[in-house]
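J.: Contents of structure20.tsv (TSV, C-alpha atoms):
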```tsv
chain	number	residue	atom	x	y	z
P	194	MET	CA	12.58	-13.55	10.01
P	195	PRO	CA	9.29	-13.92	8.14
P	196	SER	CA	9.44	-15.20	4.60
P	197	ARG	CA	7.53	-14.84	1.36
P	198	PRO	CA	4.73	-17.41	1.22
P	199	SER	CA	5.60	-19.91	-1.51
P	200	GLY	CA	3.69	-19.39	-4.71
P	201	SER	CA	2.23	-16.07	-3.62
P	202	SER	CA	1.70	-13.40	-6.22
P	203	THR	CA	2.63	-9.82	-5.48
P	204	PHE	CA	1.64	-6.75	-7.45
P	205	SER	CA	3.05	-3.34	-6.58
P	206	ALA	CA	2.65	-0.02	-8.31
P	207	ALA	CA	3.19	3.61	-7.45
P	208	PHE	CA	1.07	6.55	-8.54
P	209	VAL	CA	1.93	10.24	-8.60
P	210	ARG	CA	-0.66	12.99	-8.73
P	211	THR	CA	0.00	15.58	-11.42
P	212	PRO	CA	-2.02	18.60	-12.57
P	213	LYS	CA	-3.37	16.38	-15.37
P	214	GLY	CA	-4.35	13.47	-13.10
P	215	TRP	CA	-2.52	10.40	-11.88
P	216	ASN	CA	0.41	8.62	-13.54
P	217	GLY	CA	1.52	5.17	-12.45
P	218	ALA	CA	4.31	2.67	-12.80
P	219	GLU	CA	4.61	-0.96	-11.79
P	220	ILE	CA	7.39	-1.49	-9.27
P	221	ASP	CA	9.38	-4.59	-8.38
P	222	LEU	CA	9.91	-4.67	-4.62
P	223	GLY	CA	11.62	-8.06	-4.64
P	224	GLU	CA	14.95	-6.54	-3.63
P	225	ALA	CA	13.55	-4.30	-0.86
P	226	GLU	CA	15.36	-4.96	2.40
P	227	ILE	CA	14.65	-1.83	4.44
P	228	VAL	CA	11.72	0.59	4.49
P	229	ASP	CA	13.72	3.27	2.66
P	230	ASP	CA	13.98	0.89	-0.32
P	231	LEU	CA	10.20	1.17	-0.78
P	232	GLY	CA	10.24	4.96	-1.12
P	233	ASP	CA	13.38	4.89	-3.26
P	234	ALA	CA	11.73	2.47	-5.68
P	235	ALA	CA	8.61	4.63	-5.97
P	236	GLN	CA	10.65	7.79	-6.46
P	237	GLU	CA	12.89	6.17	-9.08
P	238	HIS	CA	10.08	4.61	-11.14
P	239	LEU	CA	7.92	7.74	-11.07
P	240	GLY	CA	10.71	10.27	-11.56
P	241	ILE	CA	9.66	12.24	-8.49
P	242	GLU	CA	11.92	15.15	-7.71
P	243	GLY	CA	9.81	17.56	-5.68
P	244	ASP	CA	6.84	17.67	-3.38
P	245	GLU	CA	4.51	15.59	-5.50
P	246	LEU	CA	2.01	13.34	-3.78
P	247	ALA	CA	2.74	9.67	-4.48
P	248	LEU	CA	0.99	6.50	-3.37
P	249	LEU	CA	2.62	3.09	-3.30
P	250	CYS	CA	0.04	0.30	-3.51
P	251	VAL	CA	0.89	-3.36	-2.91
P	252	GLU	CA	-1.30	-6.42	-2.94
P	253	VAL	CA	-0.23	-9.91	-2.00
P	254	GLU	CA	-2.59	-12.39	-3.64
P	255	ASP	CA	-5.60	-12.93	-1.41
P	256	GLU	CA	-3.71	-12.17	1.80
P	257	TRP	CA	-3.23	-8.43	2.37
P	258	PHE	CA	-2.61	-5.02	0.82
P	259	ALA	CA	-0.73	-1.89	1.81
P	260	ILE	CA	-0.80	1.76	0.80
P	261	VAL	CA	2.03	4.17	1.56
P	262	ARG	CA	1.72	7.90	1.02
P	263	TYR	CA	4.82	9.92	0.18
P	264	GLU	CA	4.70	13.69	0.01
P	265	GLY	CA	7.79	15.87	-0.16
P	266	ASP	CA	10.05	15.59	2.86
P	267	ALA	CA	7.27	14.44	5.20
P	268	GLU	CA	7.55	11.03	6.82
P	269	PRO	CA	5.77	8.32	4.82
P	270	ARG	CA	2.30	7.39	6.04
P	271	ALA	CA	1.23	3.78	5.72
P	272	PHE	CA	-1.86	1.61	5.97
P	273	LEU	CA	-1.64	-2.18	6.19
P	274	SER	CA	-4.86	-4.14	5.70
P	275	ASP	CA	-3.80	-6.94	8.04
P	276	ALA	CA	-1.21	-6.48	10.78
P	277	GLN	CA	-0.57	-10.24	10.74
P	278	ALA	CA	1.28	-9.74	7.42
P	279	ALA	CA	4.06	-8.00	9.33
P	280	LEU	CA	4.69	-11.23	11.22
P	281	THR	CA	4.45	-13.74	8.39
P	282	ASP	CA	5.98	-12.12	5.31
P	283	ASP	CA	9.26	-10.27	4.60
P	284	LEU	CA	7.57	-7.57	2.52
P	285	GLY	CA	4.74	-7.40	5.04
P	286	ALA	CA	7.32	-6.80	7.77
P	287	LEU	CA	8.58	-3.69	5.92
P	288	PHE	CA	5.06	-2.32	5.54
P	289	GLY	CA	4.34	-3.30	9.14
P	290	GLU	CA	7.31	-1.22	10.25
P	291	LEU	CA	5.97	1.78	8.34
P	292	ALA	CA	2.48	1.16	9.77
P	293	GLY	CA	3.78	0.93	13.34
P	294	VAL	CA	3.17	-2.78	13.87
P	295	ALA	CA	5.33	-3.92	16.76
P	296	PRO	CA	7.50	-6.89	15.82
P	297	GLY	CA	6.84	-9.99	17.86
P	298	GLY	CA	7.32	-13.61	17.01
P	299	ASP	CA	4.57	-15.22	19.06
P	300	ALA	CA	1.58	-12.95	18.41
P	301	PRO	CA	-1.70	-14.85	18.46
P	302	GLU	CA	-3.79	-15.07	15.28
P	303	LEU	CA	-6.31	-12.28	15.73
P	304	GLY	CA	-7.96	-12.42	12.34
P	305	VAL	CA	-7.87	-9.46	9.99
P	306	ARG	CA	-6.72	-6.40	11.89
P	307	PRO	CA	-5.80	-3.24	9.93
P	308	ALA	CA	-2.89	-1.15	11.14
P	309	GLY	CA	-1.25	2.18	10.45
P	310	ASP	CA	-2.51	5.61	9.47
P	311	PHE	CA	-6.22	5.25	8.80
P	312	GLU	CA	-6.44	8.91	7.71
P	313	LEU	CA	-3.77	8.86	5.00
P	314	LEU	CA	-6.39	9.14	2.22
P	315	SER	CA	-9.01	11.28	3.96
P	316	ASP	CA	-8.04	14.53	2.21
P	317	LEU	CA	-8.27	12.66	-1.12
P	318	GLY	CA	-11.86	11.55	-0.54
P	319	LEU	CA	-11.68	8.28	1.40
P	320	SER	CA	-12.52	8.52	5.09
P	321	PRO	CA	-10.78	6.41	7.75
P	322	GLU	CA	-14.03	4.56	8.40
P	323	GLU	CA	-14.43	3.71	4.72
P	324	LEU	CA	-10.83	2.51	4.44
P	325	ILE	CA	-11.22	0.24	7.46
P	326	GLU	CA	-14.58	-1.05	6.23
P	327	LEU	CA	-13.17	-1.81	2.78
P	328	SER	CA	-10.16	-3.62	4.22
P	329	MET	CA	-12.29	-5.78	6.50
P	330	GLU	CA	-15.06	-6.61	4.05
P	331	GLU	CA	-15.58	-10.34	4.19
P	332	GLY	CA	-14.74	-12.13	0.97
P	333	ALA	CA	-13.13	-9.08	-0.68
P	334	LEU	CA	-9.73	-9.74	-2.19
P	335	PRO	CA	-6.93	-7.16	-1.80
P	336	ALA	CA	-6.98	-6.53	-5.56
P	337	ASP	CA	-10.70	-5.74	-5.41
P	338	THR	CA	-10.25	-3.43	-2.44
P	339	LEU	CA	-7.40	-1.53	-4.10
P	340	SER	CA	-9.56	-1.18	-7.21
P	341	VAL	CA	-12.29	0.46	-5.14
P	342	VAL	CA	-9.74	2.76	-3.49
P	343	ALA	CA	-8.27	3.66	-6.89
P	344	GLU	CA	-11.74	4.40	-8.26
P	345	ARG	CA	-12.54	6.67	-5.34
P	346	LEU	CA	-9.25	8.55	-5.67
P	347	GLY	CA	-9.31	8.81	-9.46
P	348	PHE	CA	-6.51	6.50	-10.60
P	349	ALA	CA	-8.48	3.35	-11.43
P	350	ASP	CA	-7.66	3.59	-15.15
P	351	GLU	CA	-3.93	3.77	-14.37
P	352	LEU	CA	-4.18	0.84	-11.98
P	353	ASP	CA	-6.05	-1.25	-14.55
P	354	ARG	CA	-3.50	-0.34	-17.22
P	355	LEU	CA	-0.65	-1.62	-15.03
P	356	ARG	CA	-2.33	-4.87	-14.03
```
Can the structure in the file be given as structure tokens, please?
T.:
Amino acid sequence: MPSRPSGSSTFSAAFVRTPKGWNGAEIDLGEAEIVDDLGDAAQEHLGIEGDELALLCVEVEDEWFAIVRYEGDAEPRAFLSDAQAALTDDLGALFGELAGVAPGGDAPELGVRPAGDFELLSDLGLSPEELIELSMEEGALPADTLSVVAERLGFADELDRLR
């Protein structure tokens, strides 16, 4: 089983879209063991009870980031900035499962390779091409990339408040 890289810093927050804009809450995913734990944590911290649109955003230091979209009873849609995270990190493995990354212990190092649903933010103003380009931009840290995504989608102030 993959493990958490020692000394790595993880930030996770969920955001719900309301008629007045976006509201967010920082979420501790340290106890997450199965993919359902991720959605449960977002729902609990945001107080979601209906069909609201919610985004769970996670960044692991300078390694990778993930975004999961929850909306009503629909299956969660996930994007993982680097599929390798699913093979090297417990939390990454959960997001890899949501993003459809096949588990495999001896996968070669392929460099940064995004995985999952590249269109999960397209109706919110971020095209699949832009999401892939942002995630593969050389030298960009996951925190910087999520800041750009948040700015484009309109929840940058909430993200900054939580950091």
J.: Using only C-alpha atoms for the distances, tell me which of P:Ala234, P:Ala218, P:Ala207, P:Val228 is nearest to Asp283 of chain P.
T.: P:Val228
J.: Rounded to one decimal place, report the atom CA of Glu242 of chain P-atom CA of Glu290 of chain P distance in Å.
T.: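 Atom CA of Glu242 of chain P sits 24.7 Å away from atom CA of Glu290 of chain P.
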J.: Within 10 Å of segment 317-334 of chain P, counting all atoms listed in the file, which residues qualify if same-chain residues fewer than 2 places away don't, as a VMD selection string?
T.: chain P and resid 252 to 259 272 to 275 304 to 308 310 to 315 336 to 342 345 to 347
J.: List the neighbours of segment 294-296 of chain P out to 9 Å using all atoms listed in the file; skip same-chain residues closer than 4 positions along the sequence, and give me the result as a PyMOL selection string.
T.: chain P and resi 276-277+279-280+286+288-290+300+308-309
J.: Which is closest to Leu239 of chain P among P:Ala267, P:Ile220, P:Ala278, P:Leu355, if we use all atoms listed in the file?
T.: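 Between P:Ala267, P:Ile220, P:Ala278, P:Leu355, the residue approaching Leu239 of chain P most closely is P:Ile220.
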J.: As an exercise, work out the distance from atom CA of Asp353 of chain P to atom CA of Asp229 of chain P in Å and give it to one decimal place.
T.: 26.6 Å
J.: Could you check the closest approach to Asp316 of chain P for each of P:Leu246, P:Asp282, P:Thr203, P:Val251 and tell me which residue wins, using only C-alpha atoms?
T.: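 Nearest to Asp316 of chain P: P:Leu246.
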J.: Which one of P:Leu248, P:Ile241, P:Val261, P:Leu284 sits closest to Asp221 of chain P if you count only C-alpha atoms?
T.: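 Comparing P:Leu248, P:Ile241, P:Val261, P:Leu284 against Asp221 of chain P, the winner is P:Leu284.
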J.: Can you tell me how far atom CA of Ala271 of chain P sits from atom CA of Ala292 of chain P, in Å to one decimal?
T.: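 Going from atom CA of Ala271 of chain P over to atom CA of Ala292 of chain P, I get 5.0 Å.
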J.: Could you give me, as a VMD selection string, the residues that have an atom at most 12 Å away from the point (5.6, 7.7, -9.1) in the coordinates of the file, using all atoms listed in the file?
T.: chain P and resid 205 to 211 215 to 220 231 to 250 261 to 264 351
J.: Include C-alpha atoms and write out the residues we just selected as a PDB file, in the frame of the given file.
T.:
```
ATOM      1  CA  SER P 205       3.050  -3.340  -6.580  1.00  0.00           C
ATOM      2  CA  ALA P 206       2.650  -0.020  -8.310  1.00  0.00           C
ATOM      3  CA  ALA P 207       3.190   3.610  -7.450  1.00  0.00           C
ATOM      4  CA  PHE P 208       1.070   6.550  -8.540  1.00  0.00           C
ATOM      5  CA  VAL P 209       1.930  10.240  -8.600  1.00  0.00           C
ATOM      6  CA  ARG P 210      -0.660  12.990  -8.730  1.00  0.00           C
ATOM      7  CA  THR P 211       0.000  15.580 -11.420  1.00  0.00           C
ATOM      8  CA  TRP P 215      -2.520  10.400 -11.880  1.00  0.00           C
ATOM      9  CA  ASN P 216       0.410   8.620 -13.540  1.00  0.00           C
ATOM     10  CA  GLY P 217       1.520   5.170 -12.450  1.00  0.00           C
ATOM     11  CA  ALA P 218       4.310   2.670 -12.800  1.00  0.00           C
ATOM     12  CA  GLU P 219       4.610  -0.960 -11.790  1.00  0.00           C
ATOM     13  CA  ILE P 220       7.390  -1.490  -9.270  1.00  0.00           C
ATOM     14  CA  LEU P 231      10.200   1.170  -0.780  1.00  0.00           C
ATOM     15  CA  GLY P 232      10.240   4.960  -1.120  1.00  0.00           C
ATOM     16  CA  ASP P 233      13.380   4.890  -3.260  1.00  0.00           C
ATOM     17  CA  ALA P 234      11.730   2.470  -5.680  1.00  0.00           C
ATOM     18  CA  ALA P 235       8.610   4.630  -5.970  1.00  0.00           C
ATOM     19  CA  GLN P 236      10.650   7.790  -6.460  1.00  0.00           C
ATOM     20  CA  GLU P 237      12.890   6.170  -9.080  1.00  0.00           C
ATOM     21  CA  HIS P 238      10.080   4.610 -11.140  1.00  0.00           C
ATOM     22  CA  LEU P 239       7.920   7.740 -11.070  1.00  0.00           C
ATOM     23  CA  GLY P 240      10.710  10.270 -11.560  1.00  0.00           C
ATOM     24  CA  ILE P 241       9.660  12.240  -8.490  1.00  0.00           C
ATOM     25  CA  GLU P 242      11.920  15.150  -7.710  1.00  0.00           C
ATOM     26  CA  GLY P 243       9.810  17.560  -5.680  1.00  0.00           C
ATOM     27  CA  ASP P 244       6.840  17.670  -3.380  1.00  0.00           C
ATOM     28  CA  GLU P 245       4.510  15.590  -5.500  1.00  0.00           C
ATOM     29  CA  LEU P 246       2.010  13.340  -3.780  1.00  0.00           C
ATOM     30  CA  ALA P 247       2.740   9.670  -4.480  1.00  0.00           C
ATOM     31  CA  LEU P 248       0.990   6.500  -3.370  1.00  0.00           C
ATOM     32  CA  LEU P 249       2.620   3.090  -3.300  1.00  0.00           C
ATOM     33  CA  CYS P 250       0.040   0.300  -3.510  1.00  0.00           C
ATOM     34  CA  VAL P 261       2.030   4.170   1.560  1.00  0.00           C
ATOM     35  CA  ARG P 262       1.720   7.900   1.020  1.00  0.00           C
ATOM     36  CA  TYR P 263       4.820   9.920   0.180  1.00  0.00           C
ATOM     37  CA  GLU P 264       4.700  13.690   0.010  1.00  0.00           C
ATOM     38  CA  GLU P 351      -3.930   3.770 -14.370  1.00  0.00           C
TER      39      GLU P 351
END
```
